[in-house]
There are 2 protein chains.
Amino acid sequence: MKIVALAGGIGGARFLRGLLAAAPEAEITVIGNTGDDISLFGLRVCPDLDTVMYTLGGGINEEQGWGRAEETFTVKEELAAYGVGPGWFGLGDRDFATHIVRTQMLAAGYRLSAVTEALCDRWRPGVRLLPMTDDQVETHVVVEDEQGRRAIHFQEWWVRMRASVPALSIAAVGAAESAPAPGVLAAVEAADVVLFPPSNPVVSIGTILAVPGIRDAVATKTVVGVSPIVGGAPVRGMADACLTAIGVETSARAVAEHYGLGLLDGWLVDDADADVRVEGIEVRSRPLLMRDAETTAAIARAALDLAVELKRAGVAE
Amino acid sequence: MKIVALAGGIGGARFLRGLLAAAPEAEITVIGNTGDDISLFGLRVCPDLDTVMYTLGGGINEEQGWGRAEETFTVKEELAAYGVGPGWFGLGDRDFATHIVRTQMLAAGYRLSAVTEALCDRWRPGVRLLPMTDDQVETHVVVEDEQGRRAIHFQEWWVRMRASVPALSIAAVGAAESAPAPGVLAAVEAADVVLFPPSNPVVSIGTILAVPGIRDAVATKTVVGVSPIVGGAPVRGMADACLTAIGVETSARAVAEHYGLGLLDGWLVDDADADVRVEGIEVRSRPLLMRDAETTAAIARAALDLAVELKRAGVAE
């Protein structure tokens with residue numbers, strides 16, 4: 001069984017851990033979002049790729065969901081002592097090493113996909129982790145506050161402002177000119193099913209789908225998504241702020257409709273949303289809270305079972 | 001009183017701390033060696049400038065003489081976990097921040113002299129610290145071992161090999177094409193006296209003097225040096241290996257003769273070398289072991305007193 005999953009950060013990574021437990025024999029390729037990558041202190045930081053890598057590789061800070069376990073912050077404190085920021089992005093000492101290795105490899109001419117493979121040589125995440133693209137795509141957010149109307153990097157809005165200022169619009173700058181990273185389209189083509197974890201539908205899954213070629217390739221497959229919205233609110237994170245920015249209601253139904261009939265074949269929602277119906281999309285409900293390893297594996301199992309069932313029924317193919 | 005001192009790493013930095021104590025009212029400019037600078041993990045490391053900065057700024061590891069006090073090595077351990085080296089160069093987490101700031105500023109187009117000034121804004125070393133040059137000068141060492149005859153970076157010979165393989169020759173690559181950093185020649189011209197701390201006469205003081213213009217400027221001044229050789233051996237470090245490579249005997253007398261009559265006016269040697277005489281150079285002896293703050297200040301005071309005495313007597317000017 002070959003599975004492709006599109007993934008953002010924390011929610012996607014936890015779902016993937018469940019998927020690995022639910023389908024240990026499957027060959028899983030993860031296409032990771034790189035739209036929220038950022039250069040800090042001259043170093044290239046890929047938050048979503050690293051969250052997937054650390055989570056599946058056993059290095060994640062479990063409580064926090066991002067960053068390394070047993071982390072220290074000496075480098076960051078010293079940078080602050082030099083008056084060098086930003087201080088609002090939490091880079092720990094262990095994490096710094098990842099970014100130093102990545103930056104050095106990129107400077108040497110390696111593509112991000114090759115760098116990610118090299119980093120995974122250490123972490124052995126149990127999946128093939130591919131960045132969506134080797135090109136630079138950066139999610140920018142247009143905000144308006146006392147400083148006026150301006151576009152800022154997604155991380156500044158998300159991490160520094162905690163999305164407290166409404167996003168007037170969100171754009172994946174560079175996406176239209178980008179190409180899928182080597183292996184991405186081939187993996188989708190070879191996949192039996194494609195899964196959308198409960199990642200942010202706008203700035204994670206949406207950004208991956210904005211890389212030319214990926215949406216079309218995915219659309220030919222049996223695709224099942226797991227709703228990141230439960231009872232009208234994000235399970236975690238601030239996906240509602242992103243959905244509002246693109247004019248989509250924060251509901252399990254609206255997200256499925258946003259993905260669209262041509263793309264999504266099955267949709268797993270929480271029992272709280274059991275009454276959701278979307279024309280042309282098979283909706284199933286079950287508890288969606290990823291409380292622990294077991295409940296998370298069960299959610300992944302349910303998504304996979306639905307995908308296999310729909311595939312057998314000849315949906316989408 | 002305006003003093004210029006040429007300095008390498010540990011020995012130079014400790015002498016300078018003594019000089020600051022001995023002449024608190026003096027305006028001291030330090031011209032630092034950059035020949036042993038090295039790029040590690042994509043970051044620019046300036047060991048001698050940093051040793052001076054940390055020592056005078058109160059951040060040095062006192063026992064070791066280099067690196068930061070209360071240092072940790074998390075980043076280095078993580079880099080090793082990625083299989084990324086070299087492991088033989090001891091970069092700590094606090095130290096990494098310095099190199100990250102430096103590298104980021106250099107990448108932004110600042111010259112090393114401007115970067116050094118910015119770093120010193122934090123450390124306030126009490127002297128004006130100037131790199132000898134903003135150009136890249138790199139000390140290479142020709143060695144011959146089972147891997148054949150080859151040129152290696154000074155740090156590889158000094159730190160990794162601990163100078164265990166004889167140096168066939170030592171070259172400051174790029175020195176001939178380099179120019180003194182802004183302020184260097186002006187500081188020498190304005191100086192009342194120039195001091196050579198007991199730094200390595202070959203790869204520290206010698207490299208600084210190899211930057212075109214510096215030796216000539218220094219030669220017009222009253223110059224007093226402190227011998228790094230006591231009783232035929234280096235006080236610390238492995239200066240003997242460097243002296244041998246350039247065909248100079250490891251003795252207080254030979255080093256003074258190497259600096260030469262046109263350059264050196266006074267020479268402070270240890271009591272163990274009280275019998276040293278060098279034609280045309282005023283030699284004085286006293287205990288030269290920098291045991292603590294007090295003995296170090298007394299050595300600096302003696303060097304300065306000799307310089308002032310020679311200057312009054314009209315030597316060199």
# chains A, B, ... in the order shown; residues from 1 in each chain; ligands from 1

call {"tool": "residues_around", "arguments": {"residues": "segment 37-54 of chain B", "least_positions_apart": "6", "cutoff": "6 Å", "atoms": "only C-alpha atoms", "output": "list in words"}}
result
Gln104 of chain A; Gly8, Gly9, Ala13, Ile60, Trp66, His99, Thr103 and Pro125 of chain B

call {"tool": "write_last_selection", "arguments": {"atoms": "N, CA, C and O atoms", "output": "PDB file, in the first residue's frame"}}
result
ATOM      1  N   GLN A 104      24.174  25.338   5.715  1.00  0.00           N
ATOM      2  CA  GLN A 104      25.475  25.019   5.140  1.00  0.00           C
ATOM      3  C   GLN A 104      25.308  24.176   3.871  1.00  0.00           C
ATOM      4  O   GLN A 104      25.990  24.409   2.867  1.00  0.00           O
TER       5      GLN A 104
ATOM      6  N   GLY B   8      47.828  38.485  19.498  1.00  0.00           N
ATOM      7  CA  GLY B   8      47.267  37.212  19.067  1.00  0.00           C
ATOM      8  C   GLY B   8      46.145  36.838  20.014  1.00  0.00           C
ATOM      9  O   GLY B   8      45.294  37.686  20.311  1.00  0.00           O
ATOM     10  N   GLY B   9      46.195  35.600  20.520  1.00  0.00           N
ATOM     11  CA  GLY B   9      45.103  35.117  21.349  1.00  0.00           C
ATOM     12  C   GLY B   9      45.365  35.202  22.843  1.00  0.00           C
ATOM     13  O   GLY B   9      45.496  36.293  23.404  1.00  0.00           O
ATOM     14  N   ALA B  13      45.947  38.532  25.012  1.00  0.00           N
ATOM     15  CA  ALA B  13      44.761  39.014  25.730  1.00  0.00           C
ATOM     16  C   ALA B  13      45.055  39.207  27.210  1.00  0.00           C
ATOM     17  O   ALA B  13      44.666  40.203  27.819  1.00  0.00           O
ATOM     18  N   ILE B  60      35.501  35.505  29.348  1.00  0.00           N
ATOM     19  CA  ILE B  60      36.394  34.399  28.974  1.00  0.00           C
ATOM     20  C   ILE B  60      36.311  33.237  29.960  1.00  0.00           C
ATOM     21  O   ILE B  60      36.008  33.430  31.138  1.00  0.00           O
ATOM     22  N   TRP B  66      40.557  30.536  26.444  1.00  0.00           N
ATOM     23  CA  TRP B  66      39.785  30.839  25.228  1.00  0.00           C
ATOM     24  C   TRP B  66      38.368  30.332  25.445  1.00  0.00           C
ATOM     25  O   TRP B  66      38.115  29.524  26.346  1.00  0.00           O
ATOM     26  N   HIS B  99      29.517  33.959  16.509  1.00  0.00           N
ATOM     27  CA  HIS B  99      29.828  33.658  15.105  1.00  0.00           C
ATOM     28  C   HIS B  99      28.593  33.816  14.219  1.00  0.00           C
ATOM     29  O   HIS B  99      28.707  34.168  13.047  1.00  0.00           O
ATOM     30  N   THR B 103      28.681  36.356  11.170  1.00  0.00           N
ATOM     31  CA  THR B 103      28.437  35.836   9.822  1.00  0.00           C
ATOM     32  C   THR B 103      27.275  36.568   9.157  1.00  0.00           C
ATOM     33  O   THR B 103      27.328  36.899   7.973  1.00  0.00           O
ATOM     34  N   PRO B 125      35.410  46.117  25.818  1.00  0.00           N
ATOM     35  CA  PRO B 125      36.698  45.605  26.298  1.00  0.00           C
ATOM     36  C   PRO B 125      37.613  46.679  26.888  1.00  0.00           C
ATOM     37  O   PRO B 125      38.638  46.346  27.485  1.00  0.00           O
TER      38      PRO B 125
END

call {"tool": "interface_residues", "arguments": {"of": "chain B", "to": "chain A", "cutoff": "6 Å", "atoms": "only C-alpha atoms", "output": "PyMOL selection string"}}
result
chain B and resi 42+75+78-79+82+93-94+97+104+122

call {"tool": "residues_around", "arguments": {"residues": "segment 128-132 of chain A", "least_positions_apart": "2", "cutoff": "9 Å", "atoms": "only C-alpha atoms", "output": "number ranges by chain"}}
result
A: 6, 27-35, 49, 52-53, 112-114, 116-117, 120, 125-126, 134-135, 179-184, 207-209, 211, 214

call {"tool": "write_last_selection", "arguments": {"atoms": "N, CA and C atoms", "output": "JSON list (two decimals), in the first residue's frame"}}
result
[["chain", "number", "residue", "atom", "x", "y", "z"],
["A", 6, "LEU", "N", -0.27, 14.92, 2.64],
["A", 6, "LEU", "CA", 0.18, 16.31, 2.63],
["A", 6, "LEU", "C", 0.20, 16.77, 4.09],
["A", 27, "GLU", "N", 3.92, 2.14, 2.54],
["A", 27, "GLU", "CA", 5.02, 2.98, 2.10],
["A", 27, "GLU", "C", 4.46, 4.41, 2.05],
["A", 28, "ILE", "N", 4.89, 5.21, 2.98],
["A", 28, "ILE", "CA", 4.27, 6.53, 3.14],
["A", 28, "ILE", "C", 5.21, 7.64, 2.67],
["A", 29, "THR", "N", 4.71, 8.46, 1.77],
["A", 29, "THR", "CA", 5.45, 9.66, 1.36],
["A", 29, "THR", "C", 4.72, 10.88, 1.89],
["A", 30, "VAL", "N", 5.44, 11.74, 2.56],
["A", 30, "VAL", "CA", 4.85, 12.96, 3.11],
["A", 30, "VAL", "C", 5.34, 14.15, 2.29],
["A", 31, "ILE", "N", 4.38, 14.92, 1.79],
["A", 31, "ILE", "CA", 4.73, 16.15, 1.09],
["A", 31, "ILE", "C", 4.53, 17.29, 2.08],
["A", 32, "GLY", "N", 5.64, 17.91, 2.47],
["A", 32, "GLY", "CA", 5.59, 18.89, 3.55],
["A", 32, "GLY", "C", 5.48, 20.31, 3.04],
["A", 33, "ASN", "N", 4.75, 21.11, 3.79],
["A", 33, "ASN", "CA", 4.61, 22.52, 3.48],
["A", 33, "ASN", "C", 5.91, 23.27, 3.79],
["A", 34, "THR", "N", 6.33, 24.11, 2.86],
["A", 34, "THR", "CA", 7.53, 24.94, 3.11],
["A", 34, "THR", "C", 7.19, 26.42, 3.02],
["A", 35, "GLY", "N", 5.90, 26.74, 2.94],
["A", 35, "GLY", "CA", 5.50, 28.13, 2.81],
["A", 35, "GLY", "C", 5.76, 28.96, 4.05],
["A", 49, "LEU", "N", 8.62, 21.03, 8.08],
["A", 49, "LEU", "CA", 9.44, 19.84, 7.80],
["A", 49, "LEU", "C", 10.07, 19.32, 9.09],
["A", 52, "VAL", "N", 7.60, 17.57, 11.47],
["A", 52, "VAL", "CA", 7.33, 16.20, 11.03],
["A", 52, "VAL", "C", 8.52, 15.29, 11.35],
["A", 53, "MET", "N", 9.71, 15.79, 11.02],
["A", 53, "MET", "CA", 10.94, 15.01, 11.21],
["A", 53, "MET", "C", 11.19, 14.70, 12.68],
["A", 112, "LEU", "N", 16.78, 21.81, -1.31],
["A", 112, "LEU", "CA", 16.13, 21.54, -0.03],
["A", 112, "LEU", "C", 15.71, 20.08, 0.09],
["A", 113, "SER", "N", 15.29, 19.48, -1.01],
["A", 113, "SER", "CA", 14.87, 18.08, -0.95],
["A", 113, "SER", "C", 16.05, 17.18, -0.58],
["A", 114, "ALA", "N", 17.23, 17.49, -1.10],
["A", 114, "ALA", "CA", 18.42, 16.70, -0.76],
["A", 114, "ALA", "C", 18.83, 16.95, 0.69],
["A", 116, "THR", "N", 16.81, 17.79, 3.13],
["A", 116, "THR", "CA", 15.82, 17.14, 3.98],
["A", 116, "THR", "C", 16.11, 15.64, 4.09],
["A", 117, "GLU", "N", 16.50, 15.06, 2.96],
["A", 117, "GLU", "CA", 16.86, 13.64, 2.97],
["A", 117, "GLU", "C", 18.07, 13.40, 3.88],
["A", 120, "CYS", "N", 17.07, 13.62, 7.44],
["A", 120, "CYS", "CA", 16.27, 12.44, 7.81],
["A", 120, "CYS", "C", 17.14, 11.18, 7.97],
["A", 125, "PRO", "N", 12.52, 9.01, 10.08],
["A", 125, "PRO", "CA", 11.12, 9.21, 10.47],
["A", 125, "PRO", "C", 10.19, 8.07, 10.07],
["A", 126, "GLY", "N", 10.67, 7.13, 9.25],
["A", 126, "GLY", "CA", 9.79, 6.02, 8.87],
["A", 126, "GLY", "C", 8.89, 6.35, 7.68],
["A", 134, "ASP", "N", 11.45, 22.72, -4.14],
["A", 134, "ASP", "CA", 12.79, 23.19, -3.81],
["A", 134, "ASP", "C", 12.92, 24.70, -4.04],
["A", 135, "ASP", "N", 11.87, 25.29, -4.61],
["A", 135, "ASP", "CA", 11.88, 26.72, -4.87],
["A", 135, "ASP", "C", 11.42, 27.48, -3.63],
["A", 179, "ALA", "N", 8.01, 24.81, -8.76],
["A", 179, "ALA", "CA", 7.79, 23.47, -9.31],
["A", 179, "ALA", "C", 7.83, 22.46, -8.17],
["A", 180, "PRO", "N", 7.08, 21.39, -8.29],
["A", 180, "PRO", "CA", 7.14, 20.36, -7.24],
["A", 180, "PRO", "C", 8.57, 19.84, -7.10],
["A", 181, "ALA", "N", 8.97, 19.53, -5.87],
["A", 181, "ALA", "CA", 10.31, 18.97, -5.65],
["A", 181, "ALA", "C", 10.42, 17.61, -6.34],
["A", 182, "PRO", "N", 11.65, 17.20, -6.66],
["A", 182, "PRO", "CA", 11.83, 15.89, -7.30],
["A", 182, "PRO", "C", 11.16, 14.79, -6.47],
["A", 183, "GLY", "N", 10.41, 13.97, -7.12],
["A", 183, "GLY", "CA", 9.78, 12.85, -6.43],
["A", 183, "GLY", "C", 8.34, 13.09, -6.02],
["A", 184, "VAL", "N", 7.95, 14.35, -5.95],
["A", 184, "VAL", "CA", 6.60, 14.67, -5.45],
["A", 184, "VAL", "C", 5.53, 14.14, -6.40],
["A", 207, "THR", "N", -1.31, 25.66, 0.70],
["A", 207, "THR", "CA", -0.05, 26.12, 0.10],
["A", 207, "THR", "C", 0.59, 25.01, -0.72],
["A", 208, "ILE", "N", 0.53, 23.80, -0.20],
["A", 208, "ILE", "CA", 1.09, 22.66, -0.95],
["A", 208, "ILE", "C", 0.34, 22.52, -2.28],
["A", 209, "LEU", "N", -0.98, 22.63, -2.21],
["A", 209, "LEU", "CA", -1.79, 22.48, -3.42],
["A", 209, "LEU", "C", -1.59, 23.62, -4.41],
["A", 211, "VAL", "N", 1.28, 24.71, -5.38],
["A", 211, "VAL", "CA", 2.45, 24.46, -6.23],
["A", 211, "VAL", "C", 1.94, 23.83, -7.54],
["A", 214, "ILE", "N", 0.69, 19.94, -8.41],
["A", 214, "ILE", "CA", 0.36, 19.06, -7.28],
["A", 214, "ILE", "C", -1.14, 18.84, -7.17]]

call {"tool": "select_by_dssp", "arguments": {"residues": "segment 50-176 of chain B", "states": "strand (DSSP E or B)", "output": "list of chain:residue names"}}
result
B:Ile60, B:Arg68, B:Arg128, B:Leu129, B:Leu130, B:Pro131, B:Thr133, B:Glu138, B:Thr139, B:His140, B:Val141, B:Val142, B:Val143, B:Glu144, B:Asp145, B:Gly148, B:Arg149, B:Arg150, B:Ala151, B:Ile152, B:His153, B:Ala167, B:Leu168, B:Ser169, B:Ile170, B:Ala171, B:Ala172, B:Val173

call {"tool": "atom_distance", "arguments": {"atom1": "atom CA of Ala176 of chain A", "atom2": "atom CA of Ala217 of chain A"}}
result
15.8 Å

call {"tool": "residues_around", "arguments": {"residues": "Ser251 of chain B", "least_positions_apart": "5", "cutoff": "10 Å", "atoms": "only C-alpha atoms", "output": "ChimeraX atom specification"}}
result
/B:227-234,240,243,256-257,273,276

call {"tool": "closest_residue", "arguments": {"among": "B:Gly67, B:Gly18, B:Gly148, B:Gly206", "to": "Leu304 of chain B", "atoms": "only C-alpha atoms"}}
result
B:Gly18

call {"tool": "residues_around", "arguments": {"residues": "Val224 of chain A", "least_positions_apart": "5", "cutoff": "8 Å", "atoms": "only C-alpha atoms", "output": "number ranges by chain"}}
result
A: 193-196, 264-268, 303-304, 306-307

call {"tool": "closest_residue", "arguments": {"among": "A:Met238, A:Val142, A:Leu106, A:Glu177", "to": "Ala163 of chain A", "atoms": "only C-alpha atoms"}}
result
A:Met238

call {"tool": "select_by_dssp", "arguments": {"residues": "segment 124-222 of chain A", "states": "alpha helix (DSSP H)", "output": "PyMOL selection string"}}
result
chain A and resi 154-155+184-190+205-209+214-219

call {"tool": "write_last_selection", "arguments": {"atoms": "C-alpha atoms", "output": "mmCIF file, in the first residue's frame"}}
result
data_model
loop_
_atom_site.group_PDB
_atom_site.id
_atom_site.type_symbol
_atom_site.label_atom_id
_atom_site.label_comp_id
_atom_site.auth_asym_id
_atom_site.auth_seq_id
_atom_site.Cartn_x
_atom_site.Cartn_y
_atom_site.Cartn_z
ATOM 1 C CA PHE A 154 3.379 34.421 7.901
ATOM 2 C CA GLN A 155 5.514 33.654 10.960
ATOM 3 C CA VAL A 184 6.605 14.675 -5.453
ATOM 4 C CA LEU A 185 4.545 14.070 -8.604
ATOM 5 C CA ALA A 186 5.884 10.558 -9.031
ATOM 6 C CA ALA A 187 4.895 9.709 -5.457
ATOM 7 C CA VAL A 188 1.379 11.043 -5.982
ATOM 8 C CA GLU A 189 1.066 9.148 -9.255
ATOM 9 C CA ALA A 190 2.201 5.925 -7.628
ATOM 10 C CA ILE A 205 -2.515 21.964 2.734
ATOM 11 C CA GLY A 206 -3.621 24.976 0.660
ATOM 12 C CA THR A 207 -0.050 26.123 0.102
ATOM 13 C CA ILE A 208 1.093 22.664 -0.951
ATOM 14 C CA LEU A 209 -1.793 22.475 -3.422
ATOM 15 C CA ILE A 214 0.362 19.060 -7.278
ATOM 16 C CA ARG A 215 -3.384 19.773 -7.129
ATOM 17 C CA ASP A 216 -3.952 18.241 -10.576
ATOM 18 C CA ALA A 217 -1.975 15.126 -9.683
ATOM 19 C CA VAL A 218 -3.759 14.732 -6.346
ATOM 20 C CA ALA A 219 -7.171 15.244 -8.010
#
